[in-house]
Amino acid sequence: MPIAVVPASPPPARQATRHNWTLYGMVGLIVLAAAALWFFEQNRTPAKTARLSIPLPAGHVLQEGFGHTLTISDDGQLIGFIARQGSQVPRLWLRRLSEAEPKVVPDTENLMYAQLSPDGTQVLMVRGRRLFLMELDKGVQRMLAELGTGIPLSALWGKDGYIYFAAPEVAGSKDQPSCLWRTRPEGGTPELLLKGHAPNPMPEYILPVMVVDRDRLLISTFRYTER
């Protein structure tokens, strides 16, 4: 018995009209979105950059060293640098952007390294192979750790409230591999995080470079080579 094939009936005119209006609405929304995006791009304020030149004290040059000899607070309002005049010993200078001239910080002679705290109220310093913390408003210094004599200097402020630094496993020892340590700004016993490899033939140095976030720390490891 043959099967009858019934052709589909055309949709009502009202349904076609509703589909057309839906299509028109979608096209209209796309046009409005494109116009809004074009208007935003045309009226967006470009990022502004400013170049600021801060002269050093007369006759002074920046101290050269392995580590921070130039530092700035997180808000960009306080700049610190280690500078010396001629054969004189280097000292720490601070310059607030609201002030006309930099000022020397007392009791910072023979400074080798300095880094401001994020809020600009304290500064990490290395003097005589020892790591100090100074409260700038009080001028009080407190020793945090004793560093090795043959280890490159490196210390930094973490976003987790700790200070990270490089020092040998045995305080003050020479020609030992450096280790990664951390301590609290208020002091206390430093915590050993990572040991460098023993000399073979030269010791490995581990230096903190940058705190990425509260859980990650970027470090650098290297060895000197004999030539």
# chains A, B, ... in the order shown; residues from 1 in each chain; ligands from 1
>>> residues_around(residues="Gly128 (chain A)", least_positions_apart="2", cutoff="10 Å", atoms="only C-alpha atoms", output="compact mmCIF listing (two decimals) with N, CA and C atoms, in the first residue's frame")
# COMPACT_ATOMS: atom_id res chain seq x y z
N ASN A 110 79.49 53.77 55.15
CA ASN A 110 79.95 52.48 54.60
C ASN A 110 78.80 51.54 54.27
N LEU A 111 77.73 52.10 53.82
CA LEU A 111 76.57 51.30 53.45
C LEU A 111 76.82 50.61 52.12
N MET A 112 76.47 49.34 52.01
CA MET A 112 76.69 48.57 50.80
C MET A 112 75.38 48.25 50.07
N MET A 125 69.33 47.50 55.40
CA MET A 125 70.67 47.97 55.10
C MET A 125 71.68 46.86 55.37
N VAL A 126 72.74 46.86 54.58
CA VAL A 126 73.86 45.96 54.82
C VAL A 126 75.09 46.81 55.10
N ARG A 130 76.58 42.68 57.71
CA ARG A 130 75.47 42.41 58.61
C ARG A 130 74.22 43.09 58.07
N LEU A 131 73.09 42.41 58.25
CA LEU A 131 71.81 42.94 57.77
C LEU A 131 71.12 43.67 58.92
N GLU A 146 73.65 38.02 60.49
CA GLU A 146 75.04 38.16 60.10
C GLU A 146 75.25 37.41 58.79
N LEU A 147 75.85 38.08 57.82
CA LEU A 147 75.99 37.52 56.48
C LEU A 147 77.40 36.98 56.27
N THR A 149 81.07 36.40 54.39
CA THR A 149 82.01 37.33 53.80
C THR A 149 82.21 37.12 52.31
>>> closest_residue(among="A:Leu133, A:Ile54, A:Val89, A:Leu156", to="Glu101 (chain A)", atoms="only C-alpha atoms")
A:Ile54
>>> residues_around(residues="region 183-194 of chain A", least_positions_apart="4", cutoff="10 Å", atoms="only C-alpha atoms", output="number ranges by chain")
A: 117, 122, 124, 132-134, 142-145, 157-158, 160-169, 178-179, 206
>>> closest_residue(among="A:Gln115, A:Ser220, A:Gln176, A:Thr121", to="Thr71 (chain A)", atoms="only C-alpha atoms")
A:Gln115
>>> atom_distance(atom1="CA of Arg129 (chain A)", atom2="CA of Gly148 (chain A)")
6.7 Å
>>> decode(residues="region 76-92 of chain A", atoms="N, CA, C and O atoms", output="CSV table (one decimal), in the first residue's frame")
chain,number,residue,atom,x,y,z
A,76,GLY,N,55.8,55.5,45.4
A,76,GLY,CA,56.6,56.4,44.6
A,76,GLY,C,56.9,57.8,45.2
A,76,GLY,O,57.4,58.6,44.4
A,77,GLN,N,56.7,58.0,46.4
A,77,GLN,CA,56.8,59.3,47.0
A,77,GLN,C,58.2,59.5,47.8
A,77,GLN,O,58.6,60.6,48.1
A,78,LEU,N,58.9,58.4,48.0
A,78,LEU,CA,60.2,58.4,48.7
A,78,LEU,C,61.2,57.6,47.9
A,78,LEU,O,61.0,56.5,47.6
A,79,ILE,N,62.3,58.3,47.6
A,79,ILE,CA,63.4,57.7,46.9
A,79,ILE,C,64.7,57.7,47.8
A,79,ILE,O,65.0,58.7,48.4
A,80,GLY,N,65.4,56.5,47.8
A,80,GLY,CA,66.6,56.4,48.5
A,80,GLY,C,67.7,56.0,47.6
A,80,GLY,O,67.5,55.2,46.7
A,81,PHE,N,68.9,56.4,47.9
A,81,PHE,CA,70.1,56.1,47.1
A,81,PHE,C,71.3,56.1,48.0
A,81,PHE,O,71.4,56.9,48.9
A,82,ILE,N,72.3,55.3,47.6
A,82,ILE,CA,73.6,55.3,48.3
A,82,ILE,C,74.6,56.1,47.4
A,82,ILE,O,74.8,55.8,46.2
A,83,ALA,N,75.2,57.1,47.9
A,83,ALA,CA,76.1,58.0,47.2
A,83,ALA,C,77.3,58.4,48.0
A,83,ALA,O,77.2,58.4,49.2
A,84,ARG,N,78.3,58.7,47.3
A,84,ARG,CA,79.6,59.1,48.0
A,84,ARG,C,80.2,60.3,47.2
A,84,ARG,O,79.9,60.5,46.1
A,85,GLN,N,81.0,61.0,47.9
A,85,GLN,CA,81.7,62.2,47.4
A,85,GLN,C,83.2,61.9,47.3
A,85,GLN,O,83.8,61.7,48.4
A,86,GLY,N,83.7,61.8,46.1
A,86,GLY,CA,85.2,61.5,46.0
A,86,GLY,C,85.6,60.2,46.7
A,86,GLY,O,85.0,59.2,46.4
A,87,SER,N,86.6,60.3,47.6
A,87,SER,CA,87.0,59.1,48.3
A,87,SER,C,86.3,58.9,49.6
A,87,SER,O,86.7,58.0,50.4
A,88,GLN,N,85.3,59.7,49.9
A,88,GLN,CA,84.6,59.6,51.2
A,88,GLN,C,83.8,58.3,51.2
A,88,GLN,O,83.5,57.7,50.1
A,89,VAL,N,83.4,57.9,52.4
A,89,VAL,CA,82.6,56.7,52.5
A,89,VAL,C,81.2,56.9,52.0
A,89,VAL,O,80.6,58.1,52.1
A,90,PRO,N,80.5,55.9,51.4
A,90,PRO,CA,79.1,56.1,50.9
A,90,PRO,C,78.1,56.2,52.1
A,90,PRO,O,78.3,55.6,53.2
A,91,ARG,N,77.1,56.9,51.8
A,91,ARG,CA,76.0,57.1,52.8
A,91,ARG,C,74.6,57.0,52.1
A,91,ARG,O,74.5,57.1,50.9
A,92,LEU,N,73.6,56.8,52.9
A,92,LEU,CA,72.3,56.7,52.4
A,92,LEU,C,71.6,58.1,52.4
A,92,LEU,O,71.7,58.8,53.4
